[in-house]
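One file, structure.txt, is given below (compact mmCIF, C-alpha atoms).
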```txt
# COMPACT_ATOMS: atom_id res chain seq x y z
CA PRO C 1 0.00 0.00 0.00
CA ARG C 2 1.06 3.56 -0.60
CA ARG C 3 2.03 5.83 2.23
CA GLN C 4 0.94 9.42 2.60
CA GLU C 5 4.05 11.39 3.51
CA PRO C 6 4.08 14.68 5.46
CA ALA C 7 4.14 17.85 3.40
CA GLU C 8 7.49 19.34 2.53
CA THR C 9 7.43 22.74 4.21
CA GLN C 10 10.78 24.24 3.24
CA ARG C 11 11.65 23.26 -0.32
CA ALA C 12 10.58 21.29 -3.34
CA PRO C 13 13.05 18.36 -3.33
CA GLY C 14 15.27 18.15 -6.38
CA ALA C 15 15.31 14.35 -6.25
CA LEU C 16 12.62 12.38 -4.43
CA PRO C 17 12.69 8.86 -2.96
CA GLU C 18 11.14 6.13 -5.07
CA GLY C 19 8.24 3.97 -3.99
CA GLY C 20 4.62 4.89 -3.40
CA TYR C 21 4.74 8.41 -1.97
CA SER C 22 2.56 11.49 -2.11
CA VAL C 23 4.72 14.53 -1.38
CA GLY C 24 3.02 17.83 -0.57
CA VAL C 25 4.91 21.06 -1.25
CA ASP C 26 4.16 24.21 0.72
CA SER C 27 3.56 27.61 -0.83
CA GLY C 28 6.60 29.50 -2.09
CA THR C 29 8.83 29.94 -5.13
CA TYR C 30 11.52 27.27 -5.50
CA VAL C 31 14.37 28.10 -7.88
CA GLU C 32 15.49 24.61 -8.84
CA ARG C 33 14.71 21.69 -11.11
CA LEU C 34 12.67 18.70 -10.01
CA VAL C 35 13.26 15.04 -10.94
CA VAL C 36 10.29 12.80 -10.13
CA PRO C 37 10.82 9.02 -9.69
CA SER C 38 8.34 6.19 -10.15
CA HIS C 39 5.26 5.88 -7.94
CA VAL C 40 5.53 9.41 -6.59
CA ARG C 41 2.86 12.11 -6.67
CA VAL C 42 4.24 15.61 -6.16
CA ILE C 43 1.44 17.96 -5.17
CA GLY C 44 1.84 21.70 -4.76
CA SER C 45 -0.36 23.83 -2.54
CA GLY C 46 -1.95 25.32 -5.65
CA ALA C 47 -0.62 26.92 -8.80
CA ASP C 48 -1.38 30.39 -7.48
CA VAL C 49 0.95 29.99 -4.50
CA THR C 50 3.53 27.28 -5.32
CA ALA C 51 6.01 27.79 -8.17
CA ILE C 52 9.09 25.99 -9.43
CA ASP C 53 11.41 28.17 -11.50
CA ALA C 54 14.18 26.53 -13.53
CA ASN C 55 16.01 29.85 -13.91
CA ASN C 56 16.72 29.04 -17.57
CA LEU C 57 18.96 26.08 -16.62
CA GLY C 58 17.09 23.13 -18.17
CA SER C 59 13.68 21.53 -17.67
CA VAL C 60 11.57 22.50 -14.69
CA VAL C 61 10.31 18.95 -14.10
CA THR C 62 11.77 15.75 -15.55
CA LEU C 63 10.18 12.29 -15.56
CA ASP C 64 12.77 9.96 -17.08
CA ALA C 65 11.99 6.26 -17.60
CA VAL C 66 9.55 6.27 -14.68
CA THR C 67 6.04 4.90 -14.23
CA ASP C 68 2.96 5.93 -12.26
CA ALA C 69 3.95 9.49 -11.34
CA GLU C 70 2.09 12.79 -11.06
CA VAL C 71 2.83 16.50 -10.91
CA SER C 72 -0.02 18.78 -9.87
CA GLY C 73 -0.75 22.10 -8.20
CA PHE C 74 2.24 24.16 -9.38
CA THR C 75 3.27 27.02 -11.57
CA LEU C 76 6.14 25.66 -13.69
CA ARG C 77 8.19 28.32 -15.44
CA ASN C 78 11.44 29.49 -16.99
CA ALA C 79 12.76 26.30 -18.57
CA SER C 80 15.63 26.87 -20.98
CA ALA C 81 15.37 26.53 -24.76
CA ALA C 82 16.90 23.05 -24.48
CA GLY C 83 14.48 22.01 -21.73
CA ALA C 84 10.73 22.00 -21.17
CA GLY C 85 8.29 22.89 -18.47
CA VAL C 86 7.65 19.18 -18.05
CA GLU C 87 9.97 16.71 -19.83
CA VAL C 88 8.67 13.12 -20.11
CA ARG C 89 11.12 10.73 -21.81
CA ASN C 90 12.61 7.26 -22.20
CA SER C 91 9.43 5.15 -22.07
CA ALA C 92 7.97 6.91 -19.03
CA SER C 93 4.36 5.78 -18.61
CA GLY C 94 1.35 6.33 -16.41
CA ILE C 95 2.24 10.02 -16.11
CA THR C 96 -0.35 12.58 -14.95
CA ILE C 97 0.15 16.33 -15.30
CA ALA C 98 -2.82 18.13 -13.73
CA ARG C 99 -3.99 21.46 -12.30
CA ASN C 100 -0.83 23.38 -13.15
CA ILE C 101 -0.01 26.71 -14.74
CA ILE C 102 2.83 26.04 -17.18
CA ARG C 103 4.10 29.34 -18.52
CA ASN C 104 6.95 31.42 -19.87
CA ASN C 105 9.23 28.56 -20.81
CA ALA C 106 11.77 29.12 -23.58
CA SER C 107 10.74 25.91 -25.34
CA ASP C 108 7.79 23.53 -24.95
CA ALA C 109 5.53 23.56 -21.92
CA VAL C 110 5.08 19.76 -21.98
CA ARG C 111 7.22 17.46 -24.12
CA LEU C 112 6.97 13.69 -24.38
CA SER C 113 9.46 11.55 -26.29
CA GLY C 114 10.99 8.09 -26.53
CA SER C 115 7.79 5.98 -26.42
CA SER C 116 6.51 7.79 -23.32
CA SER C 117 2.83 8.25 -22.52
CA GLY C 118 0.60 10.18 -20.16
CA VAL C 119 -2.34 12.51 -19.63
CA VAL C 120 -2.37 16.31 -19.45
CA VAL C 121 -5.62 17.44 -17.79
CA PHE C 122 -6.96 20.67 -16.29
CA ASN C 123 -3.85 22.72 -16.98
CA THR C 124 -3.43 26.34 -18.06
CA ILE C 125 -0.55 26.42 -20.55
CA VAL C 126 0.37 29.95 -21.58
CA ASN C 127 3.06 32.06 -23.24
CA ASN C 128 5.59 29.34 -24.00
CA ALA C 129 8.08 29.89 -26.83
CA GLY C 130 7.56 26.38 -28.22
CA SER C 131 4.50 24.17 -28.05
CA GLY C 132 1.90 23.85 -25.36
CA VAL C 133 2.18 20.07 -25.74
CA TYR C 134 4.64 18.40 -28.12
CA ILE C 135 5.16 14.68 -28.70
CA THR C 136 7.94 13.12 -30.73
CA GLU C 137 9.44 9.71 -31.59
CA ALA C 138 7.76 6.38 -32.27
CA GLY C 139 5.42 4.93 -29.66
CA THR C 140 4.87 8.25 -27.87
CA TRP C 141 1.29 9.24 -27.09
CA VAL C 142 -0.61 11.63 -24.84
CA GLU C 143 -4.16 12.68 -24.05
CA VAL C 144 -4.82 16.39 -23.50
CA LYS C 145 -8.20 17.34 -22.02
CA ASN C 146 -9.96 20.10 -20.12
CA SER C 147 -7.05 22.51 -20.56
CA ILE C 148 -6.39 26.01 -21.85
CA LEU C 149 -3.53 26.57 -24.30
CA ASP C 150 -3.05 30.27 -25.03
CA GLY C 151 -0.25 32.42 -26.39
CA ASN C 152 2.13 29.59 -27.31
CA THR C 153 3.86 29.33 -30.68
CA TYR C 154 2.09 26.00 -31.21
CA GLY C 155 -0.81 24.70 -29.19
CA LEU C 156 -0.70 20.95 -29.86
CA ARG C 157 2.10 19.55 -32.02
CA ARG C 158 3.02 16.02 -33.07
CA SER C 159 6.11 14.99 -34.99
CA ALA C 160 5.65 12.76 -38.00
CA THR C 161 7.04 9.76 -36.09
CA ALA C 162 4.99 10.09 -32.89
CA SER C 163 1.97 7.86 -32.43
CA LEU C 164 -1.04 9.79 -31.11
CA LEU C 165 -1.98 13.11 -29.59
CA ARG C 166 -5.56 12.64 -28.47
CA ASN C 167 -7.28 15.86 -27.47
CA ASP C 168 -10.76 17.11 -26.59
CA TYR C 169 -12.53 19.68 -24.42
CA ASN C 170 -9.73 22.23 -24.63
CA LEU C 171 -9.66 25.97 -25.34
CA VAL C 172 -6.91 27.02 -27.75
CA ARG C 173 -5.57 30.36 -28.98
CA ASN C 174 -2.00 30.15 -30.23
CA THR C 175 0.02 31.27 -33.24
CA VAL C 176 -0.64 27.79 -34.68
CA ASN C 177 -3.20 25.77 -32.79
CA TYR C 178 -2.64 22.34 -34.34
CA SER C 179 0.43 20.93 -36.08
CA ASN C 180 0.03 17.40 -37.44
CA VAL C 181 -2.85 17.00 -34.97
CA THR C 182 -6.59 16.65 -35.58
CA ALA C 183 -8.62 18.95 -33.35
CA GLY C 184 -10.92 17.28 -30.84
CA ALA C 185 -14.63 17.53 -31.59
CA HIS C 186 -15.36 19.63 -28.51
CA ASN C 187 -12.34 21.92 -28.55
CA LEU C 188 -13.00 25.66 -28.51
CA THR C 189 -11.02 28.49 -30.09
CA GLY C 190 -10.86 32.00 -28.64
CA ASP C 191 -9.75 34.35 -25.91
CA PRO C 192 -9.91 32.64 -22.49
CA LEU C 193 -10.62 36.02 -20.85
CA PHE C 194 -8.29 35.66 -17.90
CA ALA C 195 -8.34 38.09 -15.00
CA ALA C 196 -6.36 41.30 -15.45
CA GLY C 197 -2.63 41.35 -14.82
CA ASP C 198 -0.29 38.38 -14.65
CA ARG C 199 -3.04 36.09 -13.42
CA TYR C 200 -4.60 33.13 -15.16
CA TYR C 201 -7.85 32.40 -13.39
CA LEU C 202 -11.07 32.87 -15.34
CA THR C 203 -13.50 35.75 -15.39
CA ALA C 204 -17.24 35.14 -15.39
CA SER C 205 -17.52 35.78 -19.14
CA SER C 206 -14.83 33.28 -20.15
CA PRO C 207 -15.82 30.63 -22.72
CA ALA C 208 -13.90 28.14 -20.56
CA ILE C 209 -16.60 28.26 -17.87
CA ASP C 210 -18.56 24.97 -17.66
CA ALA C 211 -16.79 23.76 -20.83
CA ALA C 212 -14.98 20.66 -19.54
CA ASP C 213 -15.91 17.08 -20.34
CA PRO C 214 -19.38 16.48 -18.84
CA LEU C 215 -18.05 13.31 -17.24
CA ALA C 216 -15.30 15.17 -15.36
CA GLY C 217 -15.81 15.76 -11.67
CA VAL C 218 -16.75 19.29 -10.62
CA PRO C 219 -14.62 20.82 -7.82
CA ALA C 220 -16.38 21.96 -4.66
CA GLY C 221 -18.19 25.22 -5.26
CA GLY C 222 -18.16 24.78 -9.03
CA GLY C 223 -20.94 25.13 -11.55
CA VAL C 224 -23.00 22.66 -13.53
CA ARG C 225 -19.86 21.37 -15.26
CA ALA C 226 -16.18 21.79 -14.50
CA ASP C 227 -14.33 24.73 -16.02
CA LEU C 228 -11.32 24.38 -18.30
CA GLY C 229 -7.86 25.11 -16.94
CA TYR C 230 -6.08 24.81 -13.64
CA LYS C 231 -8.71 26.36 -11.39
CA GLU C 232 -12.49 26.40 -11.09
CA LEU C 233 -13.82 29.95 -11.09
CA THR C 234 -16.02 29.58 -8.02
CA ALA C 235 -14.36 26.58 -6.39
CA SER C 236 -13.70 26.70 -2.68
CA PRO C 237 -10.03 27.26 -1.71
```
Translate this file's structure into C-alpha cells.
Amino acid sequence: PRRQEPAETQRAPGALPEGGYSVGVDSGTYVERLVVPSHVRVIGSGADVTAIDANNLGSVVTLDAVTDAEVSGFTLRNASAAGAGVEVRNSASGITIARNIIRNNASDAVRLSGSSSGVVVFNTIVNNAGSGVYITEAGTWVEVKNSILDGNTYGLRRSATASLLRNDYNLVRNTVNYSNVTAGAHNLTGDPLFAAGDRYYLTASSPAIDAADPLAGVPAGGGVRADLGYKELTASP
C-alpha cells in the first residue's frame, strides 16, 4: 500500500525517494529543477501559490523512464530553450500532469518523447516559446483534455514519427493551434478572458466556464460542469 508522507514545508526536493509516496509542497517559489521518480505524486499547494522556476537552466520537471507518477498544483516556469516545463522521456508511462499553470518557458511547456505516454488534464498552458504540448518519436502518445492553451507558438504539435496526440474539451488560442494533430470535436477556439494582470484564473464571461468534459468531476463550489484550466472559477479554496 502507498504511504501518505508529510508535506514538505521548506523546499521542493530536487530528487525524491522512489516507492509509493505522495509529497506535498508548501507555498513558495523554489528556484530549482525537479526530478520525479516512479510511484511518486508531487502535489503543490496550488498553482497560485507554489512555483518551481528553472532559472533558464534546463527543464523545470523531468520524468525519465519512470512509471505511475504525477505533478499537480504548481506554476512551472522558466525552462531553458533546451528544456521544457515538463519533460517526459525514455518510455515513461502512467504520467499525470494536472492542475498546473505552465508558462513562460523558452521551449515547450510539456514534451513527451521516446515511447513515453501520459495525460495532461486541467492545466493552463500559456506564453511558451515552443508548443503547449509536443510529442515526438515512435510509440509516444498523450491525451490532452480540459485545458487552456493560449499564447504559445504551437498549441498541440506532433512529430511525423509520434503515435497519437488525443485531445478534446480544450480551449486554444496560439500562433498555430494544431500541427500534425486533428482537433478534438469539442475543442474551442478564442480568448480565455483571464483576469487582469499576470493572473490566469477565469473571469465570469470566459468561454472556458462549464466547458470541460461532462463526465469530469466538478470541484467543490463549481458550476453545472467543470471549467477548463487549472482552477475552477467559483471553487472553494
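Of the residues under consideration (C:Phe74, C:Tyr178, C:Tyr30, C:Tyr201), C:Tyr201 shows the shortest atom-to-atom contact distance to Gly229 in chain C when counting all atoms listed in the file.
When only C-alpha atoms are used to compute distances to Val144 in chain C, the closest of the residues C:Val36, C:Ala81, C:Ile125, C:Val119 turns out to be C:Val119.
Among the candidates C:Val49, C:Ser80, C:Ile135, C:Ser117, the residue lying nearest to Ile101 in chain C is C:Val49 (atoms considered: only C-alpha atoms).
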Of the residues C:Pro37, C:Gly73, C:Gly85, C:Gly44, which is the one nearest to Val23 in chain C, using only C-alpha atoms? C:Gly44
Residues within 6 Å of Gly130 in chain C, please, as number ranges by chain. Count only C-alpha atoms; anything in the same chain fewer than 6 positions from it doesn't count. C: 107-108, 153
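Interatomic distance, CA of Val86 in chain C against CA of Asn146 in chain C: 17.8 Å.
From CA of Ala54 in chain C back to CA of Ala109 in chain C, the distance works out to 12.4 Å.
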Using only C-alpha atoms, determine which residues lie at most 10 Å from Leu233 in chain C, disregarding the query and same-chain residues fewer than 2 positions distant; provide the list as a ChimeraX atom specification. /C:201-204,206,208-210,219,221-223,226-231,235-236
Need the shell around Asn180 in chain C: protein/DNA/RNA residues with any atom at most 10 Å away, counting all atoms listed in the file. Skip same-chain ones fewer than 4 positions apart. Format as a PDB file with C-alpha atoms, in the frame of the given file?
```pdb
ATOM      1  CA  LEU C 156      -0.700  20.950 -29.860  1.00  0.00           C
ATOM      2  CA  ARG C 157       2.100  19.550 -32.020  1.00  0.00           C
ATOM      3  CA  ARG C 158       3.020  16.020 -33.070  1.00  0.00           C
ATOM      4  CA  SER C 159       6.110  14.990 -34.990  1.00  0.00           C
ATOM      5  CA  ALA C 160       5.650  12.760 -38.000  1.00  0.00           C
ATOM      6  CA  ALA C 162       4.990  10.090 -32.890  1.00  0.00           C
ATOM      7  CA  LEU C 164      -1.040   9.790 -31.110  1.00  0.00           C
ATOM      8  CA  LEU C 165      -1.980  13.110 -29.590  1.00  0.00           C
TER       9      LEU C 165
END
```
Could you tell me how far CA of Ser115 in chain C lies from CA of Thr161 in chain C, in Å and to one decimal? 10.4 Å
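Proximity of C:Tyr200, C:Tyr21, C:Tyr169, C:Phe194 to Arg225 in chain C, computed with all atoms listed in the file, is greatest for C:Tyr169.
The shortest atom-to-atom distance to Val176 in chain C, with all atoms listed in the file taken into account, belongs to C:Tyr154 out of C:Tyr154, C:Tyr134, C:Phe122, C:Trp141.
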Can you pull out every residue within 10 Å of Ser116 in chain C, counting all atoms listed in the file, but drop anything in the same chain fewer than 5 positions away, and send it as a PDB file with C-alpha atoms, in the frame of the given file?
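This is the output file out-v3.pdb:
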```
ATOM      1  CA  LEU C  63      10.180  12.290 -15.560  1.00  0.00           C
ATOM      2  CA  ASP C  64      12.770   9.960 -17.080  1.00  0.00           C
ATOM      3  CA  ALA C  65      11.990   6.260 -17.600  1.00  0.00           C
ATOM      4  CA  VAL C  66       9.550   6.270 -14.680  1.00  0.00           C
ATOM      5  CA  THR C  67       6.040   4.900 -14.230  1.00  0.00           C
ATOM      6  CA  VAL C  88       8.670  13.120 -20.110  1.00  0.00           C
ATOM      7  CA  ARG C  89      11.120  10.730 -21.810  1.00  0.00           C
ATOM      8  CA  ASN C  90      12.610   7.260 -22.200  1.00  0.00           C
ATOM      9  CA  SER C  91       9.430   5.150 -22.070  1.00  0.00           C
ATOM     10  CA  ALA C  92       7.970   6.910 -19.030  1.00  0.00           C
ATOM     11  CA  SER C  93       4.360   5.780 -18.610  1.00  0.00           C
ATOM     12  CA  GLY C  94       1.350   6.330 -16.410  1.00  0.00           C
ATOM     13  CA  ILE C  95       2.240  10.020 -16.110  1.00  0.00           C
ATOM     14  CA  ARG C 111       7.220  17.460 -24.120  1.00  0.00           C
ATOM     15  CA  ILE C 135       5.160  14.680 -28.700  1.00  0.00           C
ATOM     16  CA  THR C 136       7.940  13.120 -30.730  1.00  0.00           C
ATOM     17  CA  GLU C 137       9.440   9.710 -31.590  1.00  0.00           C
ATOM     18  CA  ALA C 138       7.760   6.380 -32.270  1.00  0.00           C
ATOM     19  CA  GLY C 139       5.420   4.930 -29.660  1.00  0.00           C
ATOM     20  CA  THR C 140       4.870   8.250 -27.870  1.00  0.00           C
ATOM     21  CA  TRP C 141       1.290   9.240 -27.090  1.00  0.00           C
ATOM     22  CA  VAL C 142      -0.610  11.630 -24.840  1.00  0.00           C
ATOM     23  CA  ALA C 162       4.990  10.090 -32.890  1.00  0.00           C
TER      24      ALA C 162
END
```
